[in-house]
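The next block holds one structure in the form of structure tokens; read it before the comments.
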Amino acid sequence: MSPRRASQPPADRSKLKNVALFNEDDENLVPTKVSLDKIILPATQPRRYFDPKAMQSLVESVKREGILQPLLVRPVGDKYELVAGERRYRAAQTAALTEVPITAREMSDEQAAQYSLTENLQRSDLNPIEETEGILQLLALRLGCETAAVSSVLYRMENEAKGKITRNVSGNSEAEIVEKVFADLGKMSWQSFVRTRLPLLKLPEDILSALRAGQIEYTKGKEIAKLTSKEERTELLEAAISLDLSLSEIQKQVKAKQPAAALPPLQSHLEATYKKAKKLKVWENSQKQEKLESLLKELEALMADEE
């Protein structure tokens with residue numbers, strides 16, 4: 001693979017055509033150059049975090065060779081709203097370019113959002129939180145509902161699949177849409193998404209922020225989230241990030257910080273009595289030996305009944 005392709009990879013149109021935004025005329029659109037300040041970012045963006053090292057590498061590439069692949073935009077008034085190519089757009093800003101190549105395409109708000117989400121979800125460098133939230137947004141667009149309602153649809157599908165609730169015939173169209181989205185993305189099944197990804201969004205906000213920023217792997221974040229004390233969780237999270245603690249090191253610290261499981265009252269009383277008797281060495285007291293022997297025989301008889 002040449003350096004040029006590595007620094008600015010082309011979009012995978014074979015997968016993006018699943019969004020149903022392309023037609024024969026689109027393929028013949030000729031890129032043109034516009035002033036960078038004519039391009040605006042959309043109100044909501046699928047990506048929130050960009051790896052600094054990867055971005056710096058792209059900036060250097062843009063300084064040397066310019067923008068090789070046109071940014072995809074749509075006309076909005078006298079401006080152009082960015083649909084795909086945010087990394088290249090930000091690199092162009094940092095490299096102080098005044099003009100960039102664009103391909104302009106008429107799109108509705110929904111089409112632009114779907115294209116942007118699908119294009120980003122094909123990338124391999126999305127962190128699990130960005131990917132999970134992006135998939136939920138894409139499902140919400142396809143299902144025509146709010147993002148918050150998508151989880152309910154997925155959990156209902158899971159319960160139906162497990163036979164916990166009766167299959168809703170009217171909801172089959174929703175299930176078909178969900179299954180097609182995951183088939184088109186080709187990343188995981190919807191069942192795997194429900195089992196491994198949706199729980200990530202229930203993590204404490206400080207851990208979610210670290211995951212969104214790419215500061216820590218999600219396996220480490222899930223382990224740190226086991227701490228119920230916010231102070232201890234924050235302390236371990238900061239240490240895990242600054243010291244790059246391994247998962248096994250984090251697991252050790254979590255185990256050490258977790259309170260020991262409370263013993264049943266009778267067991268706790270028995271163990272405390274034994275420790276006290278051992279400490280005082282009551283068997284050396286001649287005045288108590290006879291009574292101690294009697295009690296031990298009673299205890300042995302009691303345990304014999306359990307054998």
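Just so we're on the same page: first chain in the structure tokens is A, next is B, and so on; residues restart at 1 for each chain, and ligands are numbered from 1 in the order they show up.
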Subject >> Residues flagged strand (DSSP E or B) by DSSP in range 3-248 of chain A, as a ChimeraX atom specification >> reply: /A:32-35,39-40,71-76,79-84,99-104
Original post:
Can you tell me, as a list in words, what residues are no more than 9 Å from Met55 in chain A when counting only C-alpha atoms, ignoring any on the same chain fewer than 5 positions away?
Top reply: Phe50, Glu60, Arg87, Arg88, Arg90 and Ala91 of chain A
Okay, now the selection with N, CA, C and O atoms, as a PDB file, in the first residue's frame?
ATOM      1  N   PHE A  50     -10.717  12.476  17.824  1.00  0.00           N
ATOM      2  CA  PHE A  50      -9.783  12.183  16.754  1.00  0.00           C
ATOM      3  C   PHE A  50      -8.408  11.984  17.376  1.00  0.00           C
ATOM      4  O   PHE A  50      -7.908  12.874  18.079  1.00  0.00           O
ATOM      5  N   GLU A  60       0.369  16.443   8.125  1.00  0.00           N
ATOM      6  CA  GLU A  60       1.635  16.456   7.384  1.00  0.00           C
ATOM      7  C   GLU A  60       1.407  16.023   5.937  1.00  0.00           C
ATOM      8  O   GLU A  60       2.007  16.583   5.004  1.00  0.00           O
ATOM      9  N   ARG A  87     -12.197  14.518   9.087  1.00  0.00           N
ATOM     10  CA  ARG A  87     -10.768  14.473   9.411  1.00  0.00           C
ATOM     11  C   ARG A  87      -9.968  15.305   8.403  1.00  0.00           C
ATOM     12  O   ARG A  87      -9.077  16.068   8.763  1.00  0.00           O
ATOM     13  N   ARG A  88     -10.308  15.152   7.111  1.00  0.00           N
ATOM     14  CA  ARG A  88      -9.610  15.924   6.082  1.00  0.00           C
ATOM     15  C   ARG A  88      -9.911  17.420   6.209  1.00  0.00           C
ATOM     16  O   ARG A  88      -9.039  18.262   6.001  1.00  0.00           O
ATOM     17  N   ARG A  90     -10.622  19.058   9.034  1.00  0.00           N
ATOM     18  CA  ARG A  90      -9.868  19.591  10.172  1.00  0.00           C
ATOM     19  C   ARG A  90      -8.373  19.659   9.847  1.00  0.00           C
ATOM     20  O   ARG A  90      -7.681  20.603  10.274  1.00  0.00           O
ATOM     21  N   ALA A  91      -7.873  18.682   9.110  1.00  0.00           N
ATOM     22  CA  ALA A  91      -6.464  18.706   8.713  1.00  0.00           C
ATOM     23  C   ALA A  91      -6.181  19.894   7.803  1.00  0.00           C
ATOM     24  O   ALA A  91      -5.129  20.539   7.908  1.00  0.00           O
TER      25      ALA A  91
END
**OP:** Extract the full set of alpha helix (DSSP H) residues from range 11-220 of chain A according to DSSP on the backbone, and format it as an NGL selection string.
**Re:** :A and (13-16 or 24-27 or 52-65 or 86-94 or 109-121 or 128-143 or 147-161 or 172-185 or 190-192 or 205-212 or 218-220)
**OP:** Tell me which of A:Glu160, A:Glu223, A:Glu119, A:Glu133 sits closest to Gly85 in chain A, counting only C-alpha atoms.
**Re:** A:Glu119
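Nearest residue to Val100 in chain A, choosing from A:Lys164, A:Lys279, A:Lys38, A:Lys252 and counting only C-alpha atoms: A:Lys38.
For the choices A:Lys297, A:Arg212, A:Lys278, A:Arg74, the atom-to-atom distance to Thr132 in chain A is smallest for A:Arg212 when using only C-alpha atoms.
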Subject >> Contacts of range 173-175 of chain A at 9 Å (only C-alpha atoms; same-chain gap of 5+ positions) as a PyMOL selection string >> reply: chain A and resi 143+153-154+157+180
Generate a file of the selected residues that holds all heavy atoms, formatted as a short mmCIF file (atom, residue, chain, number, x, y, z; two decimals), in the first residue's frame.
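Output file again-v7.cif is given in full below:
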data_model
loop_
_atom_site.label_atom_id
_atom_site.label_comp_id
_atom_site.auth_asym_id
_atom_site.auth_seq_id
_atom_site.Cartn_x
_atom_site.Cartn_y
_atom_site.Cartn_z
N LEU A 143 -35.64 3.58 11.66
CA LEU A 143 -36.90 3.19 12.29
C LEU A 143 -37.88 4.35 12.41
O LEU A 143 -39.06 4.15 12.70
CB LEU A 143 -36.64 2.61 13.69
CG LEU A 143 -35.91 1.26 13.73
CD1 LEU A 143 -35.47 0.95 15.16
CD2 LEU A 143 -36.81 0.14 13.21
N VAL A 153 -36.71 -1.17 21.50
CA VAL A 153 -36.98 -2.06 20.36
C VAL A 153 -36.03 -3.26 20.39
O VAL A 153 -36.45 -4.41 20.22
CB VAL A 153 -36.81 -1.30 19.03
CG1 VAL A 153 -36.92 -2.27 17.84
CG2 VAL A 153 -37.86 -0.20 18.90
N LEU A 154 -34.75 -2.99 20.64
CA LEU A 154 -33.74 -4.06 20.66
C LEU A 154 -33.97 -5.04 21.81
O LEU A 154 -33.88 -6.26 21.63
CB LEU A 154 -32.35 -3.46 20.74
CG LEU A 154 -31.88 -2.69 19.51
CD1 LEU A 154 -30.58 -1.95 19.80
CD2 LEU A 154 -31.71 -3.61 18.31
N MET A 157 -36.90 -7.24 21.00
CA MET A 157 -36.51 -8.27 20.04
C MET A 157 -35.75 -9.40 20.74
O MET A 157 -35.96 -10.58 20.44
CB MET A 157 -35.64 -7.67 18.94
CG MET A 157 -36.39 -6.82 17.94
SD MET A 157 -35.29 -6.02 16.73
CE MET A 157 -34.50 -7.45 15.96
N LYS A 180 -31.42 -5.67 8.82
CA LYS A 180 -30.79 -5.20 7.59
C LYS A 180 -29.68 -4.21 7.90
O LYS A 180 -28.62 -4.22 7.26
CB LYS A 180 -31.82 -4.55 6.66
CG LYS A 180 -31.22 -4.18 5.30
CD LYS A 180 -32.25 -3.65 4.34
CE LYS A 180 -31.67 -3.49 2.94
NZ LYS A 180 -30.40 -2.78 2.89
#
